[in-house]
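This report refers to the structure that appears directly beneath it.
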Amino acid sequence: MSTATEAPRSVDFQGLQIEYDDRVLTPRPWTAAQSVWAAELIGVAPPGPVLELCSGAGHIGLLAVTLAPRRLVCVDADPVACGYLRRNAGRAGIRVDVREGPMDQVLTSDERFAVVIADPPWVPTDDVTRFPEDPVTAINGGADGLDLVRGCLDVIDRHLILAGSALVQVGPDGQADRLAELVAGHDDLTVIEVREFERGALVQIDRLAG
Ligand SMILES: C[S@@+](CC[C@H](N)C(=O)[O-])C[C@H]1O[C@@H](n2cnc3c(N)ncnc32)[C@H](O)[C@@H]1O
């Protein structure tokens with residue numbers, strides 16, 4: 001495991017104290033919009049737990065289930081991020097089932113979720129150097145930026161229940177349209193709504209009943 005070059009920092013994320021260091025992505029304030037929207041989806045979703053993919057220090061999922069309480073399972077490949085997630089959840093008094101490892105390896109085939117929140121790396125590899133402050137593994141989305149987005153979509157297809165919703169974060173500059181094209185290749189998944197923000201976009205994908 002790498003060593004932090006600075007002491008841990010803490011930010012207020014809509015009332016949650018989130019600790020992190022320079023080995024994980026700094027919580028971005030605009031991503032609270034993903035938590036709030038996810039909480040709205042949780043409020044109307046069928047029974048079942050919430051899955052957060054690429055959770056990092058955990059603030060997006062933790063805020064969502066603070067607003068709309070449900071059992072939360074979080075997945076991240078980075079042990080440092082998972083350590084902060086456990087600490088941040090403990091400080092918030094929220095029980096979280098943390099799965100440390102690649103998203104396609106840490107869920108069992110029979111697990112199902114009512115809502116999936118996903119915040120995969122989405123920066124194209126050639127652009128990663130534009131963000132020297134960010135850990136490469138947290139932002140590098142491969143040649144077209146969508147390698148991990150495709151991975152999340154595969155997990156969503158395997159684990160989202162009927163009438164469940166997924167809320168996926170992608171980058172600006174047309175990535176939401178490219179995700180919609182990918183969703184079109186999955187028979188019973190449908191893009192319901194896209195919300196564009198200055199620094200990214202959120203895409204709601206449902207598994208429609210009937
Ligand atoms: C864009 S960051 C998001 C972190 C957090 N949600 C945030 O807002 O700061 C992407 C996260 O995905 C994780 N990640 C990268 N590849 C992964 C994989 N194959 N499976 C699970 N997590 C992965 C990284 O460790 C990183 O924490």
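In the structure tokens, the first chain shown is A, the next is B, and so on; residue numbers restart at 1 for each chain, and ligands run from 1 in the order shown.
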
Ligand 1 neighbours within 6 Å using only C-alpha atoms and all ligand atoms, as a ChimeraX atom specification: /A:25-27,54-57,75-78,81,101-103,119-121,137-139

As an mmCIF file with C-alpha atoms, in the first residue's frame, please: the residues near Leu107 (chain A) (cut-off 12 Å, only C-alpha atoms, same-chain neighbours under 4 positions excluded).
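Saved result, part_32.cif, follows:
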data_model
loop_
_atom_site.group_PDB
_atom_site.id
_atom_site.type_symbol
_atom_site.label_atom_id
_atom_site.label_comp_id
_atom_site.auth_asym_id
_atom_site.auth_seq_id
_atom_site.Cartn_x
_atom_site.Cartn_y
_atom_site.Cartn_z
ATOM 1 C CA LEU A 51 -25.017 -0.860 -4.109
ATOM 2 C CA GLU A 52 -22.366 1.820 -4.602
ATOM 3 C CA LEU A 53 -19.694 1.069 -7.207
ATOM 4 C CA VAL A 73 -22.955 -2.270 0.051
ATOM 5 C CA CYS A 74 -19.915 -0.357 -1.253
ATOM 6 C CA VAL A 75 -17.299 -1.560 -3.724
ATOM 7 C CA ASP A 76 -13.878 -0.084 -4.415
ATOM 8 C CA ASP A 97 -20.805 -3.755 3.888
ATOM 9 C CA VAL A 98 -17.476 -2.857 2.224
ATOM 10 C CA ARG A 99 -16.243 -5.060 -0.638
ATOM 11 C CA GLU A 100 -12.604 -4.386 -1.388
ATOM 12 C CA GLY A 101 -11.606 -5.374 -4.916
ATOM 13 C CA PRO A 102 -12.499 -5.077 -8.605
ATOM 14 C CA MET A 103 -16.246 -4.655 -9.082
ATOM 15 C CA GLU A 111 -26.853 -10.703 -5.031
ATOM 16 C CA ARG A 112 -29.524 -8.223 -6.161
ATOM 17 C CA PHE A 113 -29.896 -4.494 -5.486
ATOM 18 C CA VAL A 155 -22.547 -5.109 -13.020
ATOM 19 C CA ILE A 156 -25.810 -3.158 -13.158
ATOM 20 C CA ARG A 158 -26.304 -8.567 -13.627
ATOM 21 C CA HIS A 159 -27.394 -7.251 -10.216
#

Residue list (strand (DSSP E or B), DSSP) for region 53-139 of chain A, as a list in words: Leu53, Leu72, Val73, Cys74, Val75, Asp76, Val96, Asp97, Val98, Arg99, Glu100, Phe113, Ala114, Val115, Val116, Ile117, Ala118 and Val123 of chain A

Residue contacts of Asp21 (chain A) (7 Å, only C-alpha atoms) excluding same-chain residues fewer than 6 positions away, as a PyMOL selection string: chain A and resi 4+6-9

Please produce a file of the residues just selected, as a compact mmCIF listing (two decimals), in the first residue's frame, where the atoms kept are C-alpha atoms.
# COMPACT_ATOMS: atom_id res chain seq x y z
CA ALA A 4 0.28 9.41 2.02
CA GLU A 6 0.29 14.56 3.77
CA ALA A 7 -1.79 14.10 6.92
CA PRO A 8 -5.46 13.13 6.39
CA ARG A 9 -7.80 15.98 5.56

Close residues, region 163-165 of chain A itself excluded, 8 Å, only C-alpha atoms, min 5 positions apart in chain, as a PyMOL selection string: chain A and resi 41+45-46+113-116+204-209

Test item: residues at most 10 Å from region 31-34 of chain A, only C-alpha atoms, excluding those fewer than 3 positions along its chain, as a PDB file with N, CA and C atoms, in the first residue's frame:
ATOM      1  N   PHE A  13     -19.302  17.263   3.901  1.00  0.00           N
ATOM      2  CA  PHE A  13     -20.053  16.938   2.689  1.00  0.00           C
ATOM      3  C   PHE A  13     -21.526  16.914   3.078  1.00  0.00           C
ATOM      4  N   GLN A  14     -22.152  18.061   2.965  1.00  0.00           N
ATOM      5  CA  GLN A  14     -23.584  18.182   3.301  1.00  0.00           C
ATOM      6  C   GLN A  14     -23.875  17.621   4.696  1.00  0.00           C
ATOM      7  N   PRO A  27     -13.127  14.595  -2.314  1.00  0.00           N
ATOM      8  CA  PRO A  27     -14.587  14.705  -2.538  1.00  0.00           C
ATOM      9  C   PRO A  27     -14.932  15.993  -3.280  1.00  0.00           C
ATOM     10  N   ARG A  28     -15.696  15.853  -4.367  1.00  0.00           N
ATOM     11  CA  ARG A  28     -16.087  17.021  -5.182  1.00  0.00           C
ATOM     12  C   ARG A  28     -17.482  17.464  -4.756  1.00  0.00           C
ATOM     13  N   TRP A  37     -30.139  12.863  -5.644  1.00  0.00           N
ATOM     14  CA  TRP A  37     -30.968  12.184  -6.657  1.00  0.00           C
ATOM     15  C   TRP A  37     -31.099  10.695  -6.309  1.00  0.00           C
ATOM     16  N   ALA A  38     -30.006  10.082  -5.889  1.00  0.00           N
ATOM     17  CA  ALA A  38     -30.075   8.658  -5.505  1.00  0.00           C
ATOM     18  C   ALA A  38     -31.055   8.469  -4.346  1.00  0.00           C
ATOM     19  N   ALA A  39     -31.053   9.397  -3.390  1.00  0.00           N
ATOM     20  CA  ALA A  39     -31.987   9.285  -2.257  1.00  0.00           C
ATOM     21  C   ALA A  39     -33.434   9.339  -2.743  1.00  0.00           C
ATOM     22  N   GLU A  40     -33.689  10.180  -3.753  1.00  0.00           N
ATOM     23  CA  GLU A  40     -35.048  10.242  -4.311  1.00  0.00           C
ATOM     24  C   GLU A  40     -35.409   8.892  -4.946  1.00  0.00           C
ATOM     25  N   HIS A  59     -18.424   9.157   0.370  1.00  0.00           N
ATOM     26  CA  HIS A  59     -19.363  10.232   0.705  1.00  0.00           C
ATOM     27  C   HIS A  59     -20.668  10.197  -0.094  1.00  0.00           C
ATOM     28  N   ILE A  60     -20.608   9.782  -1.385  1.00  0.00           N
ATOM     29  CA  ILE A  60     -21.832   9.844  -2.204  1.00  0.00           C
ATOM     30  C   ILE A  60     -22.872   8.851  -1.666  1.00  0.00           C
ATOM     31  N   GLY A  61     -22.447   7.619  -1.457  1.00  0.00           N
ATOM     32  CA  GLY A  61     -23.387   6.613  -0.952  1.00  0.00           C
ATOM     33  C   GLY A  61     -23.803   6.885   0.485  1.00  0.00           C
ATOM     34  N   LEU A  63     -24.081   9.745   2.016  1.00  0.00           N
ATOM     35  CA  LEU A  63     -25.076  10.820   2.076  1.00  0.00           C
ATOM     36  C   LEU A  63     -26.430  10.318   1.550  1.00  0.00           C
ATOM     37  N   ALA A  64     -26.401   9.500   0.505  1.00  0.00           N
ATOM     38  CA  ALA A  64     -27.672   8.989  -0.044  1.00  0.00           C
ATOM     39  C   ALA A  64     -28.443   8.204   1.013  1.00  0.00           C
ATOM     40  N   ILE A 117     -25.613   2.998  -7.323  1.00  0.00           N
ATOM     41  CA  ILE A 117     -24.945   4.287  -7.524  1.00  0.00           C
ATOM     42  C   ILE A 117     -23.559   3.966  -8.078  1.00  0.00           C
ATOM     43  N   ALA A 118     -23.142   4.645  -9.138  1.00  0.00           N
ATOM     44  CA  ALA A 118     -21.822   4.343  -9.703  1.00  0.00           C
ATOM     45  C   ALA A 118     -21.089   5.631 -10.062  1.00  0.00           C
ATOM     46  N   ASP A 119     -19.829   5.676  -9.674  1.00  0.00           N
ATOM     47  CA  ASP A 119     -18.982   6.849  -9.966  1.00  0.00           C
ATOM     48  C   ASP A 119     -17.628   6.359 -10.475  1.00  0.00           C
ATOM     49  N   LEU A 167     -27.882   4.988 -10.993  1.00  0.00           N
ATOM     50  CA  LEU A 167     -27.519   6.383 -11.245  1.00  0.00           C
ATOM     51  C   LEU A 167     -26.010   6.427 -11.458  1.00  0.00           C
ATOM     52  N   VAL A 168     -25.623   6.645 -12.722  1.00  0.00           N
ATOM     53  CA  VAL A 168     -24.217   6.524 -13.113  1.00  0.00           C
ATOM     54  C   VAL A 168     -23.649   7.910 -13.425  1.00  0.00           C
ATOM     55  N   GLN A 169     -22.489   8.189 -12.855  1.00  0.00           N
ATOM     56  CA  GLN A 169     -21.796   9.437 -13.168  1.00  0.00           C
ATOM     57  C   GLN A 169     -20.842   9.210 -14.338  1.00  0.00           C
ATOM     58  N   ARG A 195     -28.928  14.355 -16.411  1.00  0.00           N
ATOM     59  CA  ARG A 195     -28.733  15.719 -15.889  1.00  0.00           C
ATOM     60  C   ARG A 195     -27.268  16.091 -16.095  1.00  0.00           C
ATOM     61  N   PHE A 197     -24.042  18.594 -15.624  1.00  0.00           N
ATOM     62  CA  PHE A 197     -23.447  19.562 -14.707  1.00  0.00           C
ATOM     63  C   PHE A 197     -22.165  20.079 -15.364  1.00  0.00           C
ATOM     64  N   ARG A 199     -19.153  19.881 -14.441  1.00  0.00           N
ATOM     65  CA  ARG A 199     -18.001  18.972 -14.341  1.00  0.00           C
ATOM     66  C   ARG A 199     -18.346  17.502 -14.543  1.00  0.00           C
ATOM     67  N   GLY A 200     -19.533  17.209 -15.023  1.00  0.00           N
ATOM     68  CA  GLY A 200     -19.881  15.820 -15.250  1.00  0.00           C
ATOM     69  C   GLY A 200     -21.370  15.706 -15.532  1.00  0.00           C
ATOM     70  N   ALA A 201     -21.819  14.479 -15.679  1.00  0.00           N
ATOM     71  CA  ALA A 201     -23.243  14.240 -15.947  1.00  0.00           C
ATOM     72  C   ALA A 201     -23.698  13.038 -15.138  1.00  0.00           C
ATOM     73  N   LEU A 202     -24.990  13.008 -14.828  1.00  0.00           N
ATOM     74  CA  LEU A 202     -25.597  11.876 -14.123  1.00  0.00           C
ATOM     75  C   LEU A 202     -26.662  11.269 -15.020  1.00  0.00           C
ATOM     76  N   VAL A 203     -26.663   9.944 -15.100  1.00  0.00           N
ATOM     77  CA  VAL A 203     -27.580   9.246 -15.997  1.00  0.00           C
ATOM     78  C   VAL A 203     -28.372   8.225 -15.179  1.00  0.00           C
TER      79      VAL A 203
END

Contacts of Ile94 (chain A) within 10 Å, only C-alpha atoms, excl. fewer than 3 positions in-chain, as a list in words: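 That gives Leu62, Leu63, Val65, Thr66, Pro69, Arg70, Arg71, Leu72, Arg86, Asn88, Ala89, Gly90, Arg91 and Asp97 of chain A.
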
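All residues of region 63-138 of chain A that DSSP, run on the backbone, classes as alpha helix (DSSP H) are Leu63, Ala64, Val65, Thr66, Leu67, Pro79, Val80, Ala81, Cys82, Gly83, Tyr84, Leu85, Arg86, Arg87, Asn88, Ala89, Gly90, Arg91, Ala92, Val136, Thr137 and Ala138 of chain A.
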
Counting only C-alpha atoms, the residue of A:Ile18, A:Val128, A:Val24, A:Val50 that sits nearest Ser2 (chain A): A:Val24

For Val123 (chain A), the nearest of the candidates A:Gly171, A:Gly43, A:Pro79, A:Gly151, counting only C-alpha atoms: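 Counting only C-alpha atoms, the residue closest to Val123 (chain A) is A:Gly171.
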
Separation of CA of Pro29 (chain A) from CA of Pro47 (chain A), in Å and rounded to one decimal: 29.2 Å
